[in-house]
Amino acid sequence: MKKKIFYWSPCLNPVGTVKSTINSAISAMKFGKDKYDVTLINAFGEWDEHSDFLKQNGIKIIDFNYKFYKYLPKKGLIQSRISYLIIYFACFMPLLKIIKRLKPDYFISHLITSLPLTIMCLFKSNTKFILRISGMPKLNFVRKNFWKFISKKIFIVTCPTLELKSKLKNMNLFEESKLNFLPDAIIDMNIFRNQSKEKIYDFKRFENKKIIFSAGRLTKQKNFSYLIDEFCSFSKTNKDFVLLILGDGEEKIILEKKIKDKNLEEKVFLIGHVKNVYKFFKKGEIFILSSLWEEVGFVMVEAALSNLFIISSNCPNGPSEFLENGKNGILFQNNKFGELEKSLKKYLNIDNKKKHKYEVKKSTMKYSRFRHFTELEKIFK
């Protein structure tokens with residue numbers, strides 16, 4: 001009889017967790033179809049956009065029939081916390097009924113984990129609850145003590161980086177045996193090969209330029225303002241480079257103003273959100289991750305697979321680990337004036353750039369869907 005795996009990941013924004021959840025569910029279904037039935041819970045309409053794609057890949061959808069996703073506030077600390085409370089109380093009883101009636105063998109919680117963990121704590125169940133931590137958690141007094149209180153009932157805690165696993169171990173919140181390293185499922189080689197073949201139209205203005213890419217939501221975390229400042233200094237003596245930033249977000253107007261104020265309209269370009277990063281990356285030379293914090297960074301792995309040279313901040317928790325402390329790319333001191341500019345100049349003087357690209361490209365394979373599934377199955381066993 002097949003084991004039942006349920007995914008709980010109520011995403012408010014189209015962040016990396018969306019892709020992480022989808023790829024994890026698909027990997028379990030694709031490589032474990034004879035062993036597992038995979039279901040994703042659509043709590044308030046957050047997965048409506050992806051439901052057809054998920055069903056095509058054999059993923060079942062449990063729909064709570066709440067369709068208030070588009071009405072929930074998503075920006076700002078206070079507004080997002082209000083949304084979390086609405087989701088918590090609206091979904092409590094539907095989620096409890098689903099767990100009691102369908103009795104999943106494994107329940108993987110990605111976001112708003114307090115809800116399924118509360119149910120686990122208050123009600124008896126044979127379901128094994130897996131806490132998926134995607135970034136360094138903000139441990140306020142309530143969360144820290146809540147996790148300590150329920151830690152014995154949690155089946156496994158997974159971490160996307162070894163650095164995060166080590167930090168959680170030192171905090172003594174969970175038993176060490178329950179902490180597991182589980183790399184995100186980022187890479188699908190079929191998607192990479194197909195999307196890399198797609199053409200970009202209206203790209204002639206960059207034909208004679210060396211392209212530096214960066215990508216992500218235009219938020220404070222991604223630190224694009226710092227990136228633009230550093231590139232501005234670098235470009236004064238390296239006029240054949242341009243910077244293209246893929247993504248959209250709340251800081252778009254701020255960044256547009258900065259580009260205009262620094263007279264960078266012909267050097268820095270905000271491309272906007274794109275569904276296929278691979279067709280862009282194949283045109284580039286360098287990828288820069290300027291984030292203040294990041295768990296590996298999906299676009300950095302995708303850029304490395306696309307044969308771009310990686311320059312990254314040494315922010316917690318994943319970039320240093322991915323680049324093997326600078327062995328397979330360049331790391332610069334996070335958010336420090338002049339450090340990124342120095343790194344770009346250092347790149348120009350590297351003789352064997354192909355070796356760095358080859359080594360970091362090899363590292364991307366541990367973020368494949370298949371590798372993710374093999375690690376996930378070890379956890380189940």
# chains A, B, ... in the order shown; residues from 1 in each chain; ligands from 1
>>> residues_around(residues="stretch 217-226 of chain A", least_positions_apart="3", cutoff="9 Å", atoms="only C-alpha atoms", output="number ranges by chain")
A: 14-15, 214, 229-231, 245-252, 254-255, 258, 273, 289-294, 335-337, 340
>>> closest_residue(among="A:Lys353, A:Pro73, A:Ile59, A:Leu182", to="A:Tyr367", atoms="only C-alpha atoms")
A:Leu182
>>> residues_around(residues="A:Met29", least_positions_apart="3", cutoff="12 Å", atoms="only C-alpha atoms", output="MDAnalysis selection string")
chainID A and resid 2:6 22:26 32:40 54:60 369:370 373 376:377
>>> select_by_dssp(residues="stretch 89-281 of chain A", states="strand (DSSP E)", output="MDAnalysis selection string")
chainID A and resid 106:109 128:132 156:159 179:181 210:215 241:246 268:272
>>> write_last_selection(atoms="N, CA and C atoms", output="JSON list (two decimals), in the first residue's frame")
[["chain", "number", "residue", "atom", "x", "y", "z"],
["A", 106, "TYR", "N", 3.05, 11.02, 6.18],
["A", 106, "TYR", "CA", 4.04, 12.09, 6.38],
["A", 106, "TYR", "C", 3.39, 13.43, 6.06],
["A", 107, "PHE", "N", 3.63, 14.40, 6.91],
["A", 107, "PHE", "CA", 3.08, 15.74, 6.71],
["A", 107, "PHE", "C", 4.25, 16.73, 6.72],
["A", 108, "ILE", "N", 4.57, 17.29, 5.54],
["A", 108, "ILE", "CA", 5.73, 18.18, 5.41],
["A", 108, "ILE", "C", 5.27, 19.63, 5.46],
["A", 109, "SER", "N", 5.71, 20.35, 6.49],
["A", 109, "SER", "CA", 5.29, 21.75, 6.70],
["A", 109, "SER", "C", 6.39, 22.70, 6.27],
["A", 128, "LYS", "N", 3.50, 11.35, 10.79],
["A", 128, "LYS", "CA", 4.84, 11.83, 11.12],
["A", 128, "LYS", "C", 5.00, 13.25, 10.56],
["A", 129, "PHE", "N", 5.18, 14.21, 11.44],
["A", 129, "PHE", "CA", 5.28, 15.61, 11.06],
["A", 129, "PHE", "C", 6.74, 15.99, 10.80],
["A", 130, "ILE", "N", 6.98, 16.54, 9.61],
["A", 130, "ILE", "CA", 8.32, 16.96, 9.20],
["A", 130, "ILE", "C", 8.33, 18.48, 9.10],
["A", 131, "LEU", "N", 9.18, 19.11, 9.89],
["A", 131, "LEU", "CA", 9.31, 20.56, 9.90],
["A", 131, "LEU", "C", 10.40, 20.95, 8.91],
["A", 132, "ARG", "N", 10.02, 21.65, 7.85],
["A", 132, "ARG", "CA", 10.96, 22.07, 6.81],
["A", 132, "ARG", "C", 11.34, 23.53, 7.06],
["A", 156, "ILE", "N", 10.99, 14.77, 12.10],
["A", 156, "ILE", "CA", 12.26, 15.20, 11.52],
["A", 156, "ILE", "C", 12.21, 16.71, 11.27],
["A", 157, "VAL", "N", 13.36, 17.38, 11.41],
["A", 157, "VAL", "CA", 13.52, 18.78, 11.02],
["A", 157, "VAL", "C", 14.53, 18.80, 9.88],
["A", 158, "THR", "N", 14.16, 19.39, 8.74],
["A", 158, "THR", "CA", 15.08, 19.42, 7.60],
["A", 158, "THR", "C", 15.62, 20.84, 7.39],
["A", 159, "CYS", "N", 16.89, 20.90, 6.93],
["A", 159, "CYS", "CA", 17.59, 22.17, 6.69],
["A", 159, "CYS", "C", 18.18, 22.15, 5.28],
["A", 179, "LEU", "N", 17.74, 16.33, 13.20],
["A", 179, "LEU", "CA", 18.16, 17.37, 12.25],
["A", 179, "LEU", "C", 18.75, 16.71, 11.00],
["A", 180, "ASN", "N", 18.19, 17.04, 9.84],
["A", 180, "ASN", "CA", 18.63, 16.45, 8.59],
["A", 180, "ASN", "C", 18.92, 17.51, 7.54],
["A", 181, "PHE", "N", 20.00, 17.31, 6.79],
["A", 181, "PHE", "CA", 20.32, 18.17, 5.65],
["A", 181, "PHE", "C", 19.52, 17.70, 4.44],
["A", 210, "LYS", "N", 29.24, 42.95, -22.46],
["A", 210, "LYS", "CA", 29.44, 41.85, -21.53],
["A", 210, "LYS", "C", 28.38, 41.98, -20.45],
["A", 211, "ILE", "N", 27.57, 40.93, -20.30],
["A", 211, "ILE", "CA", 26.38, 41.05, -19.46],
["A", 211, "ILE", "C", 26.61, 40.43, -18.08],
["A", 212, "ILE", "N", 26.30, 41.24, -17.07],
["A", 212, "ILE", "CA", 26.26, 40.77, -15.68],
["A", 212, "ILE", "C", 24.80, 40.62, -15.30],
["A", 213, "PHE", "N", 24.43, 39.47, -14.78],
["A", 213, "PHE", "CA", 23.05, 39.24, -14.35],
["A", 213, "PHE", "C", 22.95, 39.21, -12.83],
["A", 214, "SER", "N", 21.78, 39.65, -12.36],
["A", 214, "SER", "CA", 21.36, 39.37, -11.00],
["A", 214, "SER", "C", 19.85, 39.13, -11.09],
["A", 215, "ALA", "N", 19.29, 38.48, -10.10],
["A", 215, "ALA", "CA", 17.87, 38.13, -10.21],
["A", 215, "ALA", "C", 17.27, 37.92, -8.83],
["A", 241, "PHE", "N", 30.67, 46.59, -19.88],
["A", 241, "PHE", "CA", 29.77, 45.76, -19.07],
["A", 241, "PHE", "C", 28.42, 46.45, -18.87],
["A", 242, "VAL", "N", 27.36, 45.65, -18.86],
["A", 242, "VAL", "CA", 26.03, 46.14, -18.47],
["A", 242, "VAL", "C", 25.49, 45.21, -17.39],
["A", 243, "LEU", "N", 24.59, 45.74, -16.58],
["A", 243, "LEU", "CA", 23.97, 44.97, -15.49],
["A", 243, "LEU", "C", 22.48, 44.82, -15.77],
["A", 244, "LEU", "N", 22.01, 43.57, -15.82],
["A", 244, "LEU", "CA", 20.61, 43.27, -16.03],
["A", 244, "LEU", "C", 20.05, 42.58, -14.79],
["A", 245, "ILE", "N", 19.00, 43.16, -14.22],
["A", 245, "ILE", "CA", 18.37, 42.60, -13.02],
["A", 245, "ILE", "C", 17.01, 42.04, -13.39],
["A", 246, "LEU", "N", 16.83, 40.73, -13.17],
["A", 246, "LEU", "CA", 15.57, 40.06, -13.46],
["A", 246, "LEU", "C", 14.73, 40.00, -12.19],
["A", 268, "VAL", "N", 22.39, 49.98, -16.57],
["A", 268, "VAL", "CA", 21.66, 49.11, -15.65],
["A", 268, "VAL", "C", 20.21, 49.03, -16.11],
["A", 269, "PHE", "N", 19.69, 47.79, -16.20],
["A", 269, "PHE", "CA", 18.35, 47.59, -16.74],
["A", 269, "PHE", "C", 17.54, 46.67, -15.81],
["A", 270, "LEU", "N", 16.36, 47.13, -15.43],
["A", 270, "LEU", "CA", 15.43, 46.31, -14.66],
["A", 270, "LEU", "C", 14.52, 45.60, -15.67],
["A", 271, "ILE", "N", 14.74, 44.33, -15.87],
["A", 271, "ILE", "CA", 14.04, 43.58, -16.92],
["A", 271, "ILE", "C", 12.63, 43.20, -16.49],
["A", 272, "GLY", "N", 12.38, 43.10, -15.19],
["A", 272, "GLY", "CA", 11.08, 42.66, -14.69],
["A", 272, "GLY", "C", 11.05, 41.16, -14.47]]
>>> closest_residue(among="A:Leu348, A:Ala304, A:Cys121, A:Ile259", to="A:Ile186", atoms="only C-alpha atoms")
A:Ala304
>>> residues_around(residues="A:Glu341", least_positions_apart="3", cutoff="8 Å", atoms="only C-alpha atoms", output="list of chain:residue names")
A:Glu230, A:Phe231, A:Ser233, A:Phe234, A:Gly338, A:Leu344, A:Lys345
>>> select_by_dssp(residues="stretch 148-252 of chain A", states="alpha helix (DSSP H)", output="PyMOL selection string")
chain A and resi 148-150+162-171+189-196+224-235+252
